[in-house]
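Notes to accompany the following structure.
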Amino acid sequence: MIQSEARHSTTEDVVAELRRRSTFVMVSHVKPDGDTLGAGLALGLALREIGKRVHYFQQDPVPRNLRFLPDADRVAREMPADLPADTLWVFCDMSDTSRAGEHLPAIERENVLDIDHHLANSRFGALNYVLETECSTGTCVLHLLRAMGSTITPEIATCLLTTIMTDTGGFMHSNTTAGVLRTSAELVELGADKEDITEKIFANKRFAAIRLLGAALDSARLEEDGKYCWSIVDEAMLEKFGADGEDTEEIVNHLRSVEGVDVAALFKDYDGDVRVSLRSSGRVNVQTVAGRLGGGGHFRASGLTYVGPVQDAVAALRDALRAEGL
Ligand code: AMP
Ligand code: MN
Ligand code: MN
């Protein structure tokens, strides 16, 4: 039994709890990426290897470019009715339970394990394994697997390398330390197929996505003395190219790649509220920028949801950026 809620749980505490429980639900965040999904799948695969019962909950469907991941076909939105009362719900890669969506059943806190690497994680679990200096939630999971003495199969190695390649932008972001490269080399030696992951995640765009990218770049604005580049994708643009939300993934990174740009923003004005993706070149902390408007994330990559017209979102973000030193 978990005795008390810990702001930070040790590796040993978490491993003991993983050993004690019989049944697990791995929970991914909405609009899932390769980290939230890869981390949950890696831990789920390792637990299944030692005879545990594992389910995967995710509100949104698995994105097209992540369907190659082992066990991805087991991810579901509905959970079986016969889950034991002491099922452990493992939230991967989110700073708060709200990031899992509204579809989640009510869960007692004593049955929650929070594994994450976000700044400002709210420590919502009974166990909180939050390692802010890790490049991905997947590498937090790797620490647990090593402590458990799990066999890292080629399938698990593929899931873990996917988490790293997702959250380092294919080894390009500043969180790509020497240690991250060493860990990645080990995962390749254990059977992770880097070439395949690269192709599936980064070179697997639909033609509609490329045309949408072209339109979003064509209407991009450069402001604040060239330090801020932003654009909008709306319902009409998606319709014009036959694209959907998954096809917007890379756009903000292109906006950020413009010479002299410190912060880039993409406003996604479809599906109801406005979702904003933020990227920073390293001078401005976009985690605190997003935090001002109810969002969160990391120093160089963050996001938020704005309730209101897109023009208001644009104005509110400009104010937040100026307040944070843009
Ligand atoms: P994205 O631009 O959607 O790739 O998100 C970049 C980062 O911001 C990720 O680390 C997300 O976890 C985080 N993030 C995105 N949207 C939100 C939100 N509404 N609230 C908190 N964090 C978010
Ligand atoms: Mn994520
Ligand atoms: Mn992550």
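In the structure tokens, chains take the letters A, B, ... in the order shown, each chain's residues start at 1, and ligands count up from 1 in the order shown.
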What residues have any atom no more than 6 Å from ligand 1 when counting only C-alpha atoms and all ligand atoms, and can you list them as a PyMOL selection string?
chain A and resi 277-278+295-298+301-305
Need to verify the contact set: Arg275 of chain A, 9 Å, only C-alpha atoms, exclusion of same-chain residues closer than 4 positions in sequence. Can you return it as a list in words?
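The neighbour list is Leu266, Phe267, Lys268, Asp269, Tyr270, Gly303, Leu304, Thr305, Tyr306 and Val307 of chain A.
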Residues within 12 Å of Ala323 of chain A, only C-alpha atoms, excluding chain neighbours under 6 positions, as number ranges by chain:
A: 284-286, 288-293, 316-317
Write out, as a JSON list (two decimals), in the first residue's frame, the residues just selected, with all heavy atoms.
[["chain", "number", "residue", "atom", "x", "y", "z"],
["A", 284, "VAL", "N", 14.11, 33.02, -24.93],
["A", 284, "VAL", "CA", 12.86, 33.24, -24.19],
["A", 284, "VAL", "C", 12.32, 31.90, -23.69],
["A", 284, "VAL", "O", 12.33, 30.91, -24.43],
["A", 284, "VAL", "CB", 11.82, 33.92, -25.11],
["A", 284, "VAL", "CG1", 10.48, 34.10, -24.39],
["A", 284, "VAL", "CG2", 12.35, 35.26, -25.61],
["A", 285, "ASN", "N", 11.86, 31.89, -22.43],
["A", 285, "ASN", "CA", 11.29, 30.67, -21.85],
["A", 285, "ASN", "C", 9.81, 30.55, -22.24],
["A", 285, "ASN", "O", 8.96, 31.23, -21.66],
["A", 285, "ASN", "CB", 11.45, 30.72, -20.33],
["A", 285, "ASN", "CG", 10.90, 29.48, -19.65],
["A", 285, "ASN", "OD1", 10.28, 28.62, -20.30],
["A", 285, "ASN", "ND2", 11.12, 29.38, -18.35],
["A", 286, "VAL", "N", 9.50, 29.70, -23.22],
["A", 286, "VAL", "CA", 8.11, 29.62, -23.66],
["A", 286, "VAL", "C", 7.23, 28.78, -22.71],
["A", 286, "VAL", "O", 6.01, 28.81, -22.82],
["A", 286, "VAL", "CB", 7.95, 29.13, -25.13],
["A", 286, "VAL", "CG1", 8.45, 30.19, -26.10],
["A", 286, "VAL", "CG2", 8.63, 27.80, -25.37],
["A", 288, "THR", "N", 7.08, 29.47, -19.46],
["A", 288, "THR", "CA", 6.44, 30.49, -18.62],
["A", 288, "THR", "C", 5.48, 31.35, -19.45],
["A", 288, "THR", "O", 4.46, 31.81, -18.93],
["A", 288, "THR", "CB", 7.48, 31.37, -17.90],
["A", 288, "THR", "OG1", 8.41, 31.87, -18.87],
["A", 288, "THR", "CG2", 8.23, 30.58, -16.85],
["A", 289, "VAL", "N", 5.79, 31.53, -20.73],
["A", 289, "VAL", "CA", 4.87, 32.26, -21.61],
["A", 289, "VAL", "C", 3.54, 31.51, -21.66],
["A", 289, "VAL", "O", 2.46, 32.09, -21.43],
["A", 289, "VAL", "CB", 5.45, 32.41, -23.04],
["A", 289, "VAL", "CG1", 4.40, 32.99, -23.99],
["A", 289, "VAL", "CG2", 6.70, 33.28, -23.03],
["A", 290, "ALA", "N", 3.60, 30.21, -21.93],
["A", 290, "ALA", "CA", 2.38, 29.39, -22.01],
["A", 290, "ALA", "C", 1.68, 29.36, -20.65],
["A", 290, "ALA", "O", 0.44, 29.41, -20.58],
["A", 290, "ALA", "CB", 2.71, 27.97, -22.47],
["A", 291, "GLY", "N", 2.48, 29.32, -19.58],
["A", 291, "GLY", "CA", 1.93, 29.28, -18.23],
["A", 291, "GLY", "C", 1.06, 30.49, -17.92],
["A", 291, "GLY", "O", 0.06, 30.39, -17.22],
["A", 292, "ARG", "N", 1.41, 31.64, -18.47],
["A", 292, "ARG", "CA", 0.61, 32.87, -18.26],
["A", 292, "ARG", "C", -0.80, 32.72, -18.82],
["A", 292, "ARG", "O", -1.72, 33.41, -18.40],
["A", 292, "ARG", "CB", 1.28, 34.07, -18.96],
["A", 292, "ARG", "CG", 2.45, 34.63, -18.21],
["A", 292, "ARG", "CD", 3.10, 35.76, -19.01],
["A", 292, "ARG", "NE", 4.17, 36.34, -18.21],
["A", 292, "ARG", "CZ", 4.03, 37.39, -17.41],
["A", 292, "ARG", "NH1", 2.85, 38.01, -17.34],
["A", 292, "ARG", "NH2", 5.04, 37.84, -16.71],
["A", 293, "LEU", "N", -0.95, 31.82, -19.80],
["A", 293, "LEU", "CA", -2.26, 31.64, -20.43],
["A", 293, "LEU", "C", -2.83, 30.25, -20.16],
["A", 293, "LEU", "O", -3.64, 29.73, -20.94],
["A", 293, "LEU", "CB", -2.12, 31.89, -21.95],
["A", 293, "LEU", "CG", -1.66, 33.31, -22.34],
["A", 293, "LEU", "CD1", -1.31, 33.40, -23.81],
["A", 293, "LEU", "CD2", -2.74, 34.34, -22.00],
["A", 316, "ALA", "N", -3.34, 38.13, -27.03],
["A", 316, "ALA", "CA", -2.98, 37.71, -25.68],
["A", 316, "ALA", "C", -1.57, 37.11, -25.66],
["A", 316, "ALA", "O", -0.78, 37.35, -24.73],
["A", 316, "ALA", "CB", -3.98, 36.68, -25.17],
["A", 317, "LEU", "N", -1.25, 36.37, -26.70],
["A", 317, "LEU", "CA", 0.08, 35.75, -26.74],
["A", 317, "LEU", "C", 1.17, 36.81, -26.93],
["A", 317, "LEU", "O", 2.23, 36.75, -26.29],
["A", 317, "LEU", "CB", 0.17, 34.69, -27.84],
["A", 317, "LEU", "CG", 1.53, 33.96, -27.83],
["A", 317, "LEU", "CD1", 1.70, 33.13, -26.56],
["A", 317, "LEU", "CD2", 1.69, 33.06, -29.04]]
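Shell of segment 246-255 of chain A at 6 Å, with only C-alpha atoms counted and residues fewer than 6 places along the chain excluded, is Ala209, Leu213, Cys229, Ala264 and Leu266 of chain A.
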Keeping only N, CA and C atoms, write the selected residues to a file as a JSON list (two decimals), in the first residue's frame.
[["chain", "number", "residue", "atom", "x", "y", "z"],
["A", 209, "ALA", "N", -0.29, 17.31, -46.15],
["A", 209, "ALA", "CA", 0.46, 18.01, -45.08],
["A", 209, "ALA", "C", 1.47, 18.98, -45.68],
["A", 213, "LEU", "N", 1.47, 22.94, -45.19],
["A", 213, "LEU", "CA", 2.69, 23.61, -44.73],
["A", 213, "LEU", "C", 2.98, 24.81, -45.63],
["A", 229, "CYS", "N", 7.88, 34.93, -35.18],
["A", 229, "CYS", "CA", 7.26, 34.47, -36.42],
["A", 229, "CYS", "C", 6.04, 33.63, -36.07],
["A", 264, "ALA", "N", 8.55, 31.18, -32.11],
["A", 264, "ALA", "CA", 7.57, 30.92, -33.17],
["A", 264, "ALA", "C", 6.30, 30.40, -32.55],
["A", 266, "LEU", "N", 2.31, 28.71, -33.65],
["A", 266, "LEU", "CA", 1.29, 28.31, -34.60],
["A", 266, "LEU", "C", -0.04, 28.25, -33.87]]
Run DSSP on the backbone of this structure and report the residues of segment 157-299 of chain A it assigns to strand (DSSP E or B), as a PyMOL selection string.
chain A and resi 221-223+228-234+263-269+274-280+296-297
Give me the residues within 8 Å of Ser231 of chain A as a CSV table (one decimal) with N, CA and C atoms, in the first residue's frame, counting only C-alpha atoms and dropping any in the same chain fewer than 6 places off.
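Wrote it out as result_15.csv, contents follow:
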chain,number,residue,atom,x,y,z
A,216,ALA,N,0.6,27.6,-44.8
A,216,ALA,CA,0.8,28.2,-43.5
A,216,ALA,C,2.1,29.1,-43.6
A,217,LEU,N,3.1,28.7,-44.3
A,217,LEU,CA,4.3,29.5,-44.4
A,217,LEU,C,4.1,30.7,-45.3
A,219,SER,N,1.4,32.5,-45.4
A,219,SER,CA,0.7,33.5,-44.7
A,219,SER,C,1.4,33.9,-43.4
A,220,ALA,N,2.6,33.4,-43.1
A,220,ALA,CA,3.3,33.6,-41.9
A,220,ALA,C,3.6,35.1,-41.7
A,221,ARG,N,3.7,35.6,-40.5
A,221,ARG,CA,4.0,37.0,-40.2
A,221,ARG,C,5.3,37.0,-39.4
A,265,ALA,N,5.2,30.7,-33.2
A,265,ALA,CA,3.9,30.3,-32.7
A,265,ALA,C,3.0,29.8,-33.8
A,266,LEU,N,2.3,28.7,-33.6
A,266,LEU,CA,1.3,28.3,-34.6
A,266,LEU,C,0.0,28.3,-33.9
A,267,PHE,N,-1.0,29.0,-34.4
A,267,PHE,CA,-2.4,29.0,-33.8
A,267,PHE,C,-3.2,28.0,-34.6
Would you give me, as CSV, each residue of chain A having an atom within 8 Å of an atom of ligand 2, along with its shortest atom pair and that distance in Å to one decimal, using only C-alpha atoms and all ligand atoms and sorting by chain and residue number?
residue,atom,partner,partner_atom_place_in_ligand_line,distance
A:His29,CA,ligand 2,1 (Mn),6.9
A:Pro32,CA,ligand 2,1 (Mn),6.5
A:Asp33,CA,ligand 2,1 (Mn),5.3
A:Gly34,CA,ligand 2,1 (Mn),7.2
A:Asp35,CA,ligand 2,1 (Mn),5.4
A:Thr36,CA,ligand 2,1 (Mn),5.1
A:Asp93,CA,ligand 2,1 (Mn),5.4
A:Met94,CA,ligand 2,1 (Mn),6.8
A:Asp167,CA,ligand 2,1 (Mn),7.7
Those same residues, written as an mmCIF file, in the first residue's frame with C-alpha atoms?
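The result, stored in part_20.cif:
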data_model
loop_
_atom_site.group_PDB
_atom_site.id
_atom_site.type_symbol
_atom_site.label_atom_id
_atom_site.label_comp_id
_atom_site.auth_asym_id
_atom_site.auth_seq_id
_atom_site.Cartn_x
_atom_site.Cartn_y
_atom_site.Cartn_z
ATOM 1 C CA HIS A 29 -2.009 12.640 -23.223
ATOM 2 C CA PRO A 32 -0.455 11.950 -28.457
ATOM 3 C CA ASP A 33 3.160 12.204 -29.549
ATOM 4 C CA GLY A 34 5.954 9.650 -29.730
ATOM 5 C CA ASP A 35 7.031 10.321 -26.134
ATOM 6 C CA THR A 36 3.746 9.851 -24.272
ATOM 7 C CA ASP A 93 4.456 12.666 -20.177
ATOM 8 C CA MET A 94 1.921 15.086 -18.737
ATOM 9 C CA ASP A 167 11.475 14.964 -27.904
#
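If you count only C-alpha atoms and ignore residues fewer than 4 places along the chain from Asp225 of chain A, what sits within 12 Å of it is Arg221, Cys229, Glu259, Gly260, Val261, Asp262, Val263 and Leu326 of chain A.
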Let me see the file: selected residues, N, CA, C and O atoms, as an mmCIF file, in the first residue's frame.
data_model
loop_
_atom_site.group_PDB
_atom_site.id
_atom_site.type_symbol
_atom_site.label_atom_id
_atom_site.label_comp_id
_atom_site.auth_asym_id
_atom_site.auth_seq_id
_atom_site.Cartn_x
_atom_site.Cartn_y
_atom_site.Cartn_z
ATOM 1 N N ARG A 221 3.674 35.599 -40.486
ATOM 2 C CA ARG A 221 4.047 36.994 -40.204
ATOM 3 C C ARG A 221 5.347 37.017 -39.405
ATOM 4 O O ARG A 221 5.558 36.171 -38.545
ATOM 5 N N CYS A 229 7.879 34.930 -35.182
ATOM 6 C CA CYS A 229 7.255 34.475 -36.424
ATOM 7 C C CYS A 229 6.041 33.630 -36.066
ATOM 8 O O CYS A 229 6.133 32.722 -35.237
ATOM 9 N N GLU A 259 15.925 32.745 -39.723
ATOM 10 C CA GLU A 259 17.071 33.493 -39.186
ATOM 11 C C GLU A 259 16.608 34.629 -38.257
ATOM 12 O O GLU A 259 15.720 35.400 -38.626
ATOM 13 N N GLY A 260 17.178 34.698 -37.064
ATOM 14 C CA GLY A 260 16.885 35.796 -36.136
ATOM 15 C C GLY A 260 15.642 35.598 -35.284
ATOM 16 O O GLY A 260 15.374 36.399 -34.380
ATOM 17 N N VAL A 261 14.876 34.544 -35.538
ATOM 18 C CA VAL A 261 13.629 34.341 -34.786
ATOM 19 C C VAL A 261 13.923 33.707 -33.418
ATOM 20 O O VAL A 261 14.626 32.707 -33.331
ATOM 21 N N ASP A 262 13.400 34.348 -32.366
ATOM 22 C CA ASP A 262 13.551 33.822 -31.009
ATOM 23 C C ASP A 262 12.376 32.931 -30.624
ATOM 24 O O ASP A 262 12.542 31.958 -29.896
ATOM 25 N N VAL A 263 11.170 33.322 -31.060
ATOM 26 C CA VAL A 263 9.968 32.539 -30.716
ATOM 27 C C VAL A 263 9.078 32.384 -31.947
ATOM 28 O O VAL A 263 8.899 33.332 -32.723
ATOM 29 N N LEU A 326 10.407 39.076 -24.711
ATOM 30 C CA LEU A 326 10.694 39.003 -26.151
ATOM 31 C C LEU A 326 11.052 40.370 -26.696
ATOM 32 O O LEU A 326 10.396 41.339 -26.356
#
Residues within 12 Å of ligand 3, counting only C-alpha atoms and all ligand atoms, as a ChimeraX atom specification:
/A:28-29,32-40,91-95,115-119,121,130-141,160,162-169,175,296-298,301-302
When you look at segment 185-187 of chain A with a cut-off of 9 Å (counting only C-alpha atoms), what residues show up, excluding the ones that are within fewer than 3 positions of it in the same chain? I need them as a PDB file with all heavy atoms, in the first residue's frame.
ATOM      1  N   ILE A 152      15.541  -5.571 -22.063  1.00  0.00           N
ATOM      2  CA  ILE A 152      15.139  -4.572 -23.062  1.00  0.00           C
ATOM      3  C   ILE A 152      15.107  -5.288 -24.413  1.00  0.00           C
ATOM      4  O   ILE A 152      16.140  -5.487 -25.050  1.00  0.00           O
ATOM      5  CB  ILE A 152      16.120  -3.368 -23.107  1.00  0.00           C
ATOM      6  CG1 ILE A 152      16.427  -2.822 -21.707  1.00  0.00           C
ATOM      7  CG2 ILE A 152      15.581  -2.277 -24.040  1.00  0.00           C
ATOM      8  CD1 ILE A 152      15.325  -2.087 -21.023  1.00  0.00           C
ATOM      9  N   PRO A 154      14.107  -5.826 -28.491  1.00  0.00           N
ATOM     10  CA  PRO A 154      14.161  -4.882 -29.618  1.00  0.00           C
ATOM     11  C   PRO A 154      12.887  -4.026 -29.692  1.00  0.00           C
ATOM     12  O   PRO A 154      12.960  -2.840 -30.035  1.00  0.00           O
ATOM     13  CB  PRO A 154      14.283  -5.802 -30.843  1.00  0.00           C
ATOM     14  CG  PRO A 154      14.942  -7.036 -30.310  1.00  0.00           C
ATOM     15  CD  PRO A 154      14.419  -7.218 -28.915  1.00  0.00           C
ATOM     16  N   ILE A 156      10.952  -3.018 -27.140  1.00  0.00           N
ATOM     17  CA  ILE A 156      11.022  -1.985 -26.096  1.00  0.00           C
ATOM     18  C   ILE A 156      12.049  -0.921 -26.502  1.00  0.00           C
ATOM     19  O   ILE A 156      11.800   0.285 -26.358  1.00  0.00           O
ATOM     20  CB  ILE A 156      11.383  -2.618 -24.730  1.00  0.00           C
ATOM     21  CG1 ILE A 156      10.228  -3.515 -24.250  1.00  0.00           C
ATOM     22  CG2 ILE A 156      11.707  -1.543 -23.694  1.00  0.00           C
ATOM     23  CD1 ILE A 156      10.531  -4.322 -22.993  1.00  0.00           C
ATOM     24  N   ALA A 157      13.185  -1.362 -27.046  1.00  0.00           N
ATOM     25  CA  ALA A 157      14.223  -0.415 -27.478  1.00  0.00           C
ATOM     26  C   ALA A 157      13.678   0.530 -28.554  1.00  0.00           C
ATOM     27  O   ALA A 157      13.966   1.737 -28.539  1.00  0.00           O
ATOM     28  CB  ALA A 157      15.446  -1.185 -27.987  1.00  0.00           C
ATOM     29  N   THR A 158      12.856   0.008 -29.455  1.00  0.00           N
ATOM     30  CA  THR A 158      12.252   0.842 -30.513  1.00  0.00           C
ATOM     31  C   THR A 158      11.328   1.906 -29.902  1.00  0.00           C
ATOM     32  O   THR A 158      11.379   3.078 -30.284  1.00  0.00           O
ATOM     33  CB  THR A 158      11.466  -0.052 -31.507  1.00  0.00           C
ATOM     34  OG1 THR A 158      12.414  -0.861 -32.207  1.00  0.00           O
ATOM     35  CG2 THR A 158      10.666   0.776 -32.495  1.00  0.00           C
ATOM     36  N   LEU A 160      11.491   3.139 -26.885  1.00  0.00           N
ATOM     37  CA  LEU A 160      12.274   4.121 -26.124  1.00  0.00           C
ATOM     38  C   LEU A 160      13.052   5.067 -27.036  1.00  0.00           C
ATOM     39  O   LEU A 160      13.118   6.271 -26.783  1.00  0.00           O
ATOM     40  CB  LEU A 160      13.223   3.401 -25.156  1.00  0.00           C
ATOM     41  CG  LEU A 160      12.518   2.635 -24.024  1.00  0.00           C
ATOM     42  CD1 LEU A 160      13.532   1.872 -23.174  1.00  0.00           C
ATOM     43  CD2 LEU A 160      11.699   3.588 -23.146  1.00  0.00           C
ATOM     44  N   LEU A 161      13.630   4.531 -28.118  1.00  0.00           N
ATOM     45  CA  LEU A 161      14.355   5.414 -29.036  1.00  0.00           C
ATOM     46  C   LEU A 161      13.373   6.381 -29.714  1.00  0.00           C
ATOM     47  O   LEU A 161      13.711   7.538 -29.991  1.00  0.00           O
ATOM     48  CB  LEU A 161      15.137   4.598 -30.081  1.00  0.00           C
ATOM     49  CG  LEU A 161      16.096   5.423 -30.952  1.00  0.00           C
ATOM     50  CD1 LEU A 161      17.126   6.181 -30.103  1.00  0.00           C
ATOM     51  CD2 LEU A 161      16.808   4.543 -31.980  1.00  0.00           C
ATOM     52  N   VAL A 180      22.426  11.384 -23.663  1.00  0.00           N
ATOM     53  CA  VAL A 180      21.289  10.994 -24.506  1.00  0.00           C
ATOM     54  C   VAL A 180      21.791  10.226 -25.734  1.00  0.00           C
ATOM     55  O   VAL A 180      21.208   9.203 -26.138  1.00  0.00           O
ATOM     56  CB  VAL A 180      20.477  12.249 -24.934  1.00  0.00           C
ATOM     57  CG1 VAL A 180      19.504  11.915 -26.058  1.00  0.00           C
ATOM     58  CG2 VAL A 180      19.732  12.826 -23.739  1.00  0.00           C
ATOM     59  N   LEU A 181      22.904  10.699 -26.307  1.00  0.00           N
ATOM     60  CA  LEU A 181      23.461  10.009 -27.478  1.00  0.00           C
ATOM     61  C   LEU A 181      23.981   8.624 -27.090  1.00  0.00           C
ATOM     62  O   LEU A 181      23.804   7.650 -27.824  1.00  0.00           O
ATOM     63  CB  LEU A 181      24.571  10.856 -28.110  1.00  0.00           C
ATOM     64  CG  LEU A 181      24.073  12.156 -28.762  1.00  0.00           C
ATOM     65  CD1 LEU A 181      25.241  13.058 -29.141  1.00  0.00           C
ATOM     66  CD2 LEU A 181      23.228  11.867 -30.008  1.00  0.00           C
ATOM     67  N   ARG A 182      24.595   8.528 -25.904  1.00  0.00           N
ATOM     68  CA  ARG A 182      25.081   7.211 -25.422  1.00  0.00           C
ATOM     69  C   ARG A 182      23.917   6.249 -25.217  1.00  0.00           C
ATOM     70  O   ARG A 182      23.974   5.099 -25.638  1.00  0.00           O
ATOM     71  CB  ARG A 182      25.848   7.376 -24.100  1.00  0.00           C
ATOM     72  CG  ARG A 182      27.364   7.464 -24.302  1.00  0.00           C
ATOM     73  CD  ARG A 182      28.095   7.307 -22.968  1.00  0.00           C
ATOM     74  NE  ARG A 182      27.835   8.423 -22.073  1.00  0.00           N
ATOM     75  CZ  ARG A 182      28.527   9.569 -22.070  1.00  0.00           C
ATOM     76  NH1 ARG A 182      29.542   9.723 -22.896  1.00  0.00           N
ATOM     77  NH2 ARG A 182      28.219  10.535 -21.243  1.00  0.00           N
ATOM     78  N   LEU A 190      20.641  -2.667 -28.834  1.00  0.00           N
ATOM     79  CA  LEU A 190      19.640  -3.610 -28.318  1.00  0.00           C
ATOM     80  C   LEU A 190      18.560  -3.947 -29.359  1.00  0.00           C
ATOM     81  O   LEU A 190      17.642  -4.706 -29.081  1.00  0.00           O
ATOM     82  CB  LEU A 190      18.988  -3.041 -27.055  1.00  0.00           C
ATOM     83  CG  LEU A 190      19.890  -3.005 -25.814  1.00  0.00           C
ATOM     84  CD1 LEU A 190      19.304  -2.083 -24.744  1.00  0.00           C
ATOM     85  CD2 LEU A 190      20.071  -4.416 -25.247  1.00  0.00           C
ATOM     86  N   GLY A 191      18.658  -3.324 -30.535  1.00  0.00           N
ATOM     87  CA  GLY A 191      17.739  -3.714 -31.613  1.00  0.00           C
ATOM     88  C   GLY A 191      16.781  -2.644 -32.093  1.00  0.00           C
ATOM     89  O   GLY A 191      15.950  -2.912 -32.974  1.00  0.00           O
ATOM     90  N   ALA A 192      16.851  -1.426 -31.541  1.00  0.00           N
ATOM     91  CA  ALA A 192      15.982  -0.360 -32.049  1.00  0.00           C
ATOM     92  C   ALA A 192      16.425   0.002 -33.472  1.00  0.00           C
ATOM     93  O   ALA A 192      17.618   0.135 -33.736  1.00  0.00           O
ATOM     94  CB  ALA A 192      16.077   0.874 -31.149  1.00  0.00           C
ATOM     95  N   ASP A 193      15.470   0.157 -34.367  1.00  0.00           N
ATOM     96  CA  ASP A 193      15.779   0.422 -35.771  1.00  0.00           C
ATOM     97  C   ASP A 193      15.671   1.928 -36.039  1.00  0.00           C
ATOM     98  O   ASP A 193      14.612   2.438 -36.372  1.00  0.00           O
ATOM     99  CB  ASP A 193      14.793  -0.368 -36.646  1.00  0.00           C
ATOM    100  CG  ASP A 193      15.187  -0.349 -38.111  1.00  0.00           C
ATOM    101  OD1 ASP A 193      15.961   0.540 -38.510  1.00  0.00           O
ATOM    102  OD2 ASP A 193      14.701  -1.223 -38.851  1.00  0.00           O
TER     103      ASP A 193
END
From the set A:Ile210, A:Leu142, A:Ala6, A:Leu45, which residue has the shortest atom-to-atom contact distance to Asn128 of chain A, counting only C-alpha atoms?
A:Ala6
Closest atom pairs, segment 130-155 of chain A residues within 12 Å of segment 48-60 of chain A, only C-alpha atoms, as a tab-separated table:
residue	atom	partner	partner_atom	distance
A:Leu145	CA	A:Glu49	CA	11.6
A:Met148	CA	A:Ile50	CA	10.5
A:Gly149	CA	A:Ile50	CA	10.8
A:Ser150	CA	A:Glu49	CA	8.5
A:Thr151	CA	A:Glu49	CA	8.5
A:Ile152	CA	A:Glu49	CA	10.2
A:Thr153	CA	A:Glu49	CA	9.7
A:Glu155	CA	A:Glu49	CA	11.6
Among segment 115-297 of chain A, which residues carry a DSSP assignment of helix (DSSP H, G or I), reported as an MDAnalysis selection string?
chainID A and resid 137:148 154:167 178:189 194:202 207:218 235:241 245:248 251:256 286:292
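Compared by their closest atoms to Asp13 of chain A, and using only C-alpha atoms, the residues A:Val188, A:Ile197, A:Leu47, A:Leu127 rank with A:Leu127 nearest.
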